[in-house]
file start_37.csv (CSV, C-alpha atoms and all ligand atoms)
chain,number,residue,atom,x,y,z
A,280,MET,CA,-17.5,-18.8,-12.3
A,281,HIS,CA,-14.2,-20.1,-13.8
A,282,GLN,CA,-13.3,-21.3,-17.3
A,283,LEU,CA,-9.8,-22.8,-16.5
A,284,VAL,CA,-7.7,-23.0,-19.7
A,285,GLY,CA,-4.1,-23.1,-18.5
A,286,TYR,CA,-1.8,-24.0,-15.7
A,287,HIS,CA,1.7,-22.7,-14.7
A,288,ARG,CA,3.9,-23.7,-11.8
A,289,PRO,CA,6.5,-21.0,-11.3
A,290,LYS,CA,9.6,-21.8,-9.3
A,291,SER,CA,10.5,-18.2,-8.1
A,292,LEU,CA,8.6,-15.2,-6.9
A,293,ALA,CA,9.9,-13.2,-9.9
A,294,GLU,CA,8.5,-15.8,-12.3
A,295,ALA,CA,5.2,-15.8,-10.5
A,296,THR,CA,4.8,-12.0,-10.5
A,297,GLY,CA,5.8,-11.9,-14.1
A,298,LEU,CA,3.1,-14.5,-15.0
A,299,LEU,CA,0.5,-12.6,-13.0
A,300,GLU,CA,1.1,-9.4,-15.0
A,301,SER,CA,-1.2,-10.9,-17.6
A,302,PRO,CA,-4.9,-10.1,-16.6
A,303,ASN,CA,-6.2,-13.6,-17.6
A,304,ARG,CA,-4.1,-15.3,-14.9
A,305,MET,CA,-4.9,-15.8,-11.2
A,306,PRO,CA,-3.1,-17.3,-8.3
A,307,LEU,CA,-3.9,-20.9,-7.3
A,308,ALA,CA,-3.3,-21.8,-3.7
A,309,GLY,CA,-5.2,-24.6,-2.0
A,310,GLY,CA,-7.7,-24.5,-4.9
A,311,THR,CA,-10.7,-25.1,-2.6
A,312,THR,CA,-12.7,-22.3,-4.2
A,313,ILE,CA,-11.4,-22.5,-7.7
A,314,VAL,CA,-13.5,-25.0,-9.7
A,315,HIS,CA,-13.9,-25.2,-13.5
A,316,ASP,CA,-17.5,-24.8,-14.3
A,317,GLY,CA,-16.9,-23.5,-17.8
A,318,GLY,CA,-18.3,-20.0,-17.1
A,319,GLY,CA,-16.8,-16.6,-17.2
A,320,HIS,CA,-13.7,-15.5,-19.0
A,321,PRO,CA,-10.9,-18.0,-19.8
A,322,VAL,CA,-8.4,-18.0,-16.9
A,323,GLU,CA,-4.9,-19.6,-16.5
A,324,LEU,CA,-3.9,-20.6,-13.0
A,325,VAL,CA,-0.5,-19.7,-11.5
A,326,ASP,CA,0.1,-22.4,-8.9
A,327,LEU,CA,2.0,-21.0,-5.8
A,328,GLN,CA,3.1,-24.3,-4.3
A,329,ALA,CA,6.7,-24.3,-5.5
A,330,LEU,CA,7.5,-20.7,-4.2
A,331,GLY,CA,8.4,-21.7,-0.6
A,332,LEU,CA,5.8,-19.4,0.9
A,333,GLY,CA,4.5,-21.9,3.5
A,334,THR,CA,6.7,-21.0,6.5
A,335,ILE,CA,5.4,-19.7,9.8
A,336,ALA,CA,8.0,-17.6,11.8
A,337,THR,CA,8.0,-15.4,14.9
A,338,ASN,CA,10.1,-12.7,16.5
A,339,GLY,CA,8.1,-12.8,19.8
A,340,SER,CA,5.9,-9.8,19.2
A,341,HIS,CA,4.8,-10.7,15.7
A,342,VAL,CA,4.1,-13.9,13.8
A,343,GLU,CA,4.4,-14.1,10.0
A,344,LEU,CA,2.1,-16.6,8.4
A,345,GLY,CA,3.4,-17.5,4.9
A,346,ALA,CA,0.7,-17.2,2.2
A,347,THR,CA,0.7,-20.9,1.3
A,348,ALA,CA,0.8,-22.1,4.9
A,349,THR,CA,-2.2,-24.4,5.2
A,350,LEU,CA,-4.8,-23.9,7.9
A,351,GLN,CA,-3.6,-27.3,9.3
A,352,ALA,CA,-0.1,-25.8,9.6
A,353,VAL,CA,-1.6,-22.8,11.4
A,354,LEU,CA,-3.5,-25.0,13.7
A,355,ASP,CA,-0.4,-27.1,14.4
A,356,SER,CA,2.0,-24.2,15.1
A,357,GLU,CA,2.6,-23.3,18.7
A,358,MET,CA,4.0,-19.9,17.5
A,359,VAL,CA,0.5,-18.8,16.4
A,360,PRO,CA,-1.9,-17.1,18.8
A,361,ASP,CA,-4.5,-19.4,20.2
A,362,ALA,CA,-7.5,-17.6,18.8
A,363,ILE,CA,-6.1,-17.9,15.3
A,364,ARG,CA,-5.4,-21.6,15.7
A,365,LYS,CA,-8.9,-22.2,17.1
A,366,ALA,CA,-10.4,-20.2,14.2
A,367,ALA,CA,-8.4,-22.2,11.6
A,368,LYS,CA,-9.8,-25.4,13.1
A,369,ALA,CA,-13.4,-24.1,13.2
A,370,ASP,CA,-13.4,-22.8,9.6
A,371,GLN,CA,-12.7,-26.0,7.8
A,372,PRO,CA,-13.0,-29.8,8.3
A,373,SER,CA,-9.6,-31.6,8.3
A,374,THR,CA,-9.8,-32.6,4.6
A,375,LEU,CA,-10.0,-28.9,3.5
A,376,ARG,CA,-7.6,-27.7,6.2
A,377,THR,CA,-4.8,-29.6,4.6
A,378,LEU,CA,-5.4,-27.7,1.3
A,379,ALA,CA,-6.8,-24.2,2.2
A,380,THR,CA,-4.1,-21.6,2.8
A,381,VAL,CA,-3.7,-18.3,4.6
A,382,GLY,CA,-3.3,-16.3,1.4
A,383,GLY,CA,-6.3,-18.1,-0.2
A,384,SER,CA,-8.5,-17.3,2.8
A,385,VAL,CA,-7.7,-13.6,2.3
A,386,GLY,CA,-8.3,-13.9,-1.4
A,387,ALA,CA,-11.6,-15.7,-1.0
A,388,ALA,CA,-12.6,-13.2,1.8
A,389,GLU,CA,-15.6,-15.3,2.9
A,390,GLY,CA,-18.0,-13.2,5.1
A,391,GLU,CA,-18.3,-16.1,7.6
A,392,SER,CA,-14.6,-16.8,8.1
A,393,LEU,CA,-13.7,-17.0,11.7
A,394,LEU,CA,-10.0,-17.2,10.7
A,395,LEU,CA,-10.3,-13.7,9.1
A,396,ALA,CA,-12.0,-12.3,12.1
A,397,ALA,CA,-9.3,-13.7,14.4
A,398,LEU,CA,-6.6,-12.3,12.1
A,399,LEU,CA,-8.4,-8.9,12.2
A,400,VAL,CA,-8.3,-8.7,16.0
A,401,HIS,CA,-4.6,-9.6,15.9
A,402,ASP,CA,-3.9,-6.5,13.8
A,403,ALA,CA,-3.2,-8.5,10.6
A,404,ILE,CA,-1.1,-6.8,7.9
A,405,VAL,CA,-1.1,-8.3,4.4
A,406,ASN,CA,2.3,-8.3,2.7
A,407,PHE,CA,2.5,-8.4,-1.1
A,408,ALA,CA,5.2,-9.6,-3.5
A,409,ASP,CA,5.9,-6.0,-4.6
A,410,ASP,CA,7.0,-5.1,-1.0
A,411,GLN,CA,3.7,-3.2,-0.3
A,412,SER,CA,1.7,-3.9,2.8
A,413,ALA,CA,-1.8,-3.0,3.9
A,414,PRO,CA,-4.1,-3.8,6.9
A,415,LEU,CA,-6.2,-6.8,6.3
A,416,ALA,CA,-9.4,-4.8,6.9
A,417,GLU,CA,-8.4,-2.5,4.0
A,418,VAL,CA,-7.4,-5.3,1.7
A,419,MET,CA,-10.8,-7.0,2.2
A,420,SER,CA,-12.8,-3.8,1.8
A,421,ASN,CA,-10.9,-2.8,-1.4
A,422,GLY,CA,-10.6,-6.4,-2.7
A,423,LEU,CA,-7.5,-7.8,-4.5
A,424,SER,CA,-6.5,-6.3,-7.8
A,425,PRO,CA,-5.4,-8.5,-10.8
A,426,GLY,CA,-1.7,-9.2,-10.4
A,427,ASP,CA,-1.7,-8.9,-6.6
A,428,LEU,CA,0.3,-11.7,-5.0
A,429,ILE,CA,0.1,-12.1,-1.2
A,430,VAL,CA,3.4,-13.4,0.3
A,431,SER,CA,2.5,-13.4,4.0
A,432,VAL,CA,0.2,-12.1,6.7
A,433,SER,CA,1.7,-10.7,9.8
A,434,VAL,CA,-0.1,-10.6,13.2
A,435,THR,CA,0.7,-9.2,16.6
A,436,THR,CA,0.8,-11.6,19.5
A,437,GLY,CA,-0.3,-11.1,23.1
A,438,GLY,CA,-3.4,-10.0,24.9
A,439,SER,CA,-6.4,-12.2,25.9
A,440,THR,CA,-9.0,-13.4,23.4
A,441,ALA,CA,-12.6,-14.6,23.5
A,442,MET,CA,-15.0,-16.0,20.9
A,443,ALA,CA,-18.7,-16.4,20.8
A,444,ALA,CA,-20.8,-17.9,18.0
A,445,THR,CA,-24.3,-19.1,17.2
A,446,GLY,CA,-24.9,-21.8,14.5
A,447,ARG,CA,-27.5,-24.3,13.6
A,448,THR,CA,-25.3,-27.0,15.1
A,449,PRO,CA,-22.0,-26.7,17.1
A,450,ARG,CA,-19.8,-27.6,14.2
A,451,ASP,CA,-21.8,-25.8,11.5
A,452,THR,CA,-20.4,-22.5,10.1
A,453,PRO,CA,-21.8,-19.9,12.6
A,454,ILE,CA,-24.6,-17.7,11.5
A,455,VAL,CA,-23.0,-14.9,13.4
A,456,ALA,CA,-19.7,-15.0,15.3
A,457,VAL,CA,-17.7,-12.5,17.3
A,458,VAL,CA,-14.0,-12.6,18.1
A,459,GLY,CA,-12.5,-10.2,20.7
A,460,ARG,CA,-9.0,-9.4,21.8
A,461,ARG,CA,-8.0,-7.2,24.8
A,462,ASN,CA,-4.5,-5.8,24.9
A,463,ASP,CA,-3.1,-2.8,26.7
A,464,ASP,CA,-6.7,-1.8,27.9
A,465,HIS,CA,-7.8,-1.7,24.3
A,466,THR,CA,-10.5,-4.2,23.0
A,467,ARG,CA,-10.7,-5.1,19.3
A,468,LEU,CA,-13.9,-6.8,18.1
A,469,ALA,CA,-14.4,-8.5,14.7
A,470,ILE,CA,-17.7,-10.0,13.5
A,471,CYS,CA,-18.6,-12.6,10.9
A,472,GLY,CA,-21.9,-13.2,9.3
A,473,VAL,CA,-23.1,-9.6,9.1
A,474,GLY,CA,-21.6,-8.5,5.8
A,475,PRO,CA,-19.8,-9.5,2.7
A,476,THR,CA,-16.5,-9.9,4.7
A,477,PRO,CA,-15.7,-10.2,8.4
A,478,GLN,CA,-15.3,-6.7,9.8
A,479,LEU,CA,-13.8,-4.8,12.8
A,480,VAL,CA,-16.5,-3.1,14.8
A,481,GLU,CA,-16.8,-0.9,17.9
A,482,GLU,CA,-19.2,-2.1,20.6
A,483,ASP,CA,-21.2,1.2,20.5
A,484,SER,CA,-21.7,1.1,16.7
A,485,LEU,CA,-23.3,-2.3,16.3
A,486,GLY,CA,-26.6,-0.5,15.4
A,487,GLN,CA,-25.1,0.6,12.1
A,488,LEU,CA,-24.6,-3.0,10.9
A,489,GLU,CA,-26.6,-4.0,7.8
A,490,PRO,CA,-26.6,-7.8,7.8
A,491,PRO,CA,-27.9,-9.8,4.9
A,492,THR,CA,-31.1,-11.9,5.2
A,493,ASP,CA,-30.9,-15.5,4.0
A,494,PHE,CA,-32.3,-19.0,4.8
A,495,ARG,CA,-30.2,-19.1,8.0
A,496,GLY,CA,-31.4,-15.8,9.5
A,497,THR,CA,-33.0,-12.5,8.9
A,498,ALA,CA,-31.1,-9.2,9.1
A,499,GLU,CA,-32.9,-8.4,12.4
A,500,TYR,CA,-32.0,-11.8,13.9
A,501,ARG,CA,-28.3,-11.4,12.9
A,502,LYS,CA,-28.2,-7.9,14.3
A,503,ARG,CA,-29.6,-9.1,17.6
A,504,LEU,CA,-27.1,-12.0,17.6
A,505,ALA,CA,-24.3,-9.5,17.0
A,506,GLU,CA,-25.3,-7.6,20.1
A,507,VAL,CA,-25.8,-10.6,22.3
A,508,LEU,CA,-22.5,-12.3,21.2
A,509,THR,CA,-20.5,-9.1,21.5
A,510,ALA,CA,-21.8,-8.6,25.1
A,511,ARG,CA,-20.7,-12.1,25.9
A,512,VAL,CA,-17.2,-11.6,24.4
A,513,VAL,CA,-16.8,-8.2,26.1
A,514,GLY,CA,-18.0,-9.7,29.4
A,515,GLU,CA,-15.4,-12.5,29.1
A,516,LEU,CA,-12.6,-10.1,28.4
A,517,SER,CA,-13.3,-7.7,31.2
A,601,LIG,C1,-16.9,-27.3,1.2
A,601,LIG,C2,-16.3,-26.0,1.4
A,601,LIG,C3,-16.6,-25.4,2.7
A,601,LIG,C4,-16.0,-24.2,3.0
A,601,LIG,N1,-16.2,-23.6,4.2
A,601,LIG,C5,-15.7,-22.4,4.5
A,601,LIG,C6,-15.9,-21.9,5.8
A,601,LIG,O1,-16.6,-22.4,6.6
A,601,LIG,N2,-15.3,-20.7,6.1
A,601,LIG,C7,-14.5,-20.1,5.1
A,601,LIG,O2,-14.0,-19.0,5.4
A,601,LIG,N3,-14.3,-20.6,3.9
A,601,LIG,C8,-14.9,-21.7,3.6
A,601,LIG,N4,-14.7,-22.3,2.3
A,601,LIG,C9,-13.9,-21.5,1.3
A,601,LIG,C10,-12.4,-21.8,1.2
A,601,LIG,O3,-12.1,-23.1,1.6
A,601,LIG,C11,-11.5,-20.9,2.1
A,601,LIG,O4,-11.8,-19.6,1.8
A,601,LIG,C12,-10.1,-21.2,1.8
A,601,LIG,O5,-9.4,-20.8,2.9
A,601,LIG,C13,-9.5,-20.7,0.5
A,601,LIG,O6,-8.1,-21.1,0.5
A,601,LIG,P1,-7.4,-21.7,-0.7
A,601,LIG,O7,-5.9,-21.8,-0.4
A,601,LIG,O8,-8.0,-23.0,-1.1
A,601,LIG,O9,-7.6,-20.6,-1.8
A,601,LIG,P2,-7.9,-20.8,-3.4
A,601,LIG,O10,-9.2,-21.4,-3.6
A,601,LIG,O11,-6.7,-21.4,-4.1
A,601,LIG,O12,-7.9,-19.2,-3.8
A,601,LIG,C14,-8.9,-18.4,-3.3
A,601,LIG,C15,-8.8,-17.0,-4.0
A,601,LIG,O13,-7.7,-16.3,-3.5
A,601,LIG,C16,-6.7,-16.1,-4.5
A,601,LIG,N5,-5.4,-16.3,-3.9
A,601,LIG,C17,-5.0,-17.5,-3.4
A,601,LIG,N6,-3.8,-17.3,-2.9
A,601,LIG,C18,-3.4,-16.0,-3.1
A,601,LIG,C19,-2.2,-15.3,-2.9
A,601,LIG,N7,-1.2,-15.8,-2.2
A,601,LIG,N8,-2.2,-14.0,-3.3
A,601,LIG,C20,-3.2,-13.4,-4.0
A,601,LIG,N9,-4.4,-14.1,-4.2
A,601,LIG,C21,-4.4,-15.4,-3.8
A,601,LIG,C22,-7.1,-17.0,-5.7
A,601,LIG,O14,-6.7,-16.5,-6.9
A,601,LIG,C23,-8.6,-17.1,-5.5
A,601,LIG,O15,-9.2,-16.0,-6.1
A,601,LIG,C24,-15.2,-23.5,2.0
A,601,LIG,C25,-14.9,-24.1,0.8
A,601,LIG,C26,-15.5,-25.4,0.5
A,601,LIG,C27,-15.2,-26.0,-0.8
call {"tool": "encode", "arguments": {"input": "start_37.csv", "output": "structure tokens"}}
result
Amino acid sequence: MHQLVGYHRPKSLAEATGLLESPNRMPLAGGTTIVHDGGGHPVELVDLQALGLGTIATNGSHVELGATATLQAVLDSEMVPDAIRKAAKADQPSTLRTLATVGGSVGAAEGESLLLAALLVHDAIVNFADDQSAPLAEVMSNGLSPGDLIVSVSVTTGGSTAMAATGRTPRDTPIVAVVGRRNDDHTRLAICGVGPTPQLVEEDSLGQLEPPTDFRGTAEYRKRLAEVLTARVVGELS
């Protein structure tokens, strides 16, 4: 619910963080989730597009994805690990991919986002404008606070990855999806479609999941999918 009553386009990070100190303002990235419907408290938008936060860079072992890098830029960059590129493509159709951003995806924290799952298994760290950083899993579980401004998301590279998903059709948002990454004999698994946000899980603790029930599947069905898809991913990685 958004009642949009103002628009700012800061030209520097300092100006943006200053504007966001006011609790009635929120960052605007691709704007794919921010729609005026007249509800809620009046909100002013702080457009991030002039801040130069759209670059993608690597030092070999890490890749830094700028907060306003679009999902299309992520897909196009050969610096980005394959699983993240594939997930960026799967999450959105091309029209939305050219708008939706890395920072906006973290802010929206959609429970069915394959991109967020792929970032999780690549040990994503979220970097904020005030020089603080936190693991993506922590940021999603705590949620963003008013005034928080993501400047980039860093991921580690390397390892082998696998993905398995079940949806109503091959291109539909999966009902449940699992992304895995094996690196240095350690396997990280992240699951979408079983909670409010994608989450890191251990193979032997899938029984503790408490998925939602909706028109696309009951909690029991989603739990079973989580087990079957995890087994497929683990099998592919071993
Ligand atoms: C038709 C449609 C289909 C969709 N399908 C999917 C899907 O399949 N999977 C999926 O995951 N999502 C989906 N989405 C949701 C959405 O497109 C994505 O989550 C998208 O990546 C959001 O990015 P954005 O740049 O547009 O963010 P915005 O809409 O601009 O912002 C999203 C939130 O994050 C905050 N934010 C943005 N940037 C920052 C920043 N740098 N620092 C702090 N906070 C920030 C904003 O204030 C806002 O609260 C869909 C949306 C639509 C309209």
call {"tool": "residues_near_ligand", "arguments": {"input": "start_37.csv", "ligand": "ligand LIG 601 (chain A)", "cutoff": "7 Å", "atoms": "only C-alpha atoms and all ligand atoms", "output": "VMD selection string"}}
result
chain A and resid 305 to 313 346 to 347 370 to 371 375 378 to 389 391 to 394 427 to 430 452
call {"tool": "atom_distance", "arguments": {"input": "start_37.csv", "atom1": "CA of Leu298 (chain A)", "atom2": "CA of Val325 (chain A)"}}
result
7.2 Å
call {"tool": "closest_residue", "arguments": {"input": "start_37.csv", "among": "A:Val480, A:Ala498, A:Ala441, A:Ala413", "to": "Ile454 (chain A)", "atoms": "all atoms listed in the file"}}
result
A:Ala498
call {"tool": "closest_residue", "arguments": {"input": "start_37.csv", "among": "A:Ala397, A:Ala469, A:Val513, A:Asp409", "to": "Glu300 (chain A)", "atoms": "all atoms listed in the file"}}
result
A:Asp409
call {"tool": "atom_distance", "arguments": {"input": "start_37.csv", "atom1": "CA of Thr492 (chain A)", "atom2": "CA of Ile470 (chain A)"}}
result
15.9 Å
call {"tool": "closest_residue", "arguments": {"input": "start_37.csv", "among": "A:Met358, A:Ile363, A:Leu332, A:Val473", "to": "Ser431 (chain A)", "atoms": "all atoms listed in the file"}}
result
A:Leu332
call {"tool": "atom_distance", "arguments": {"input": "start_37.csv", "atom1": "CA of Ser291 (chain A)", "atom2": "CA of Val432 (chain A)"}}
result
19.0 Å
call {"tool": "residues_around", "arguments": {"input": "start_37.csv", "residues": "Val507 (chain A)", "least_positions_apart": "4", "cutoff": "10 Å", "atoms": "all atoms listed in the file", "output": "list in words"}}
result
Ala443, Ala444, Val457, Arg501, Lys502, Arg503, Arg511 and Val512 of chain A
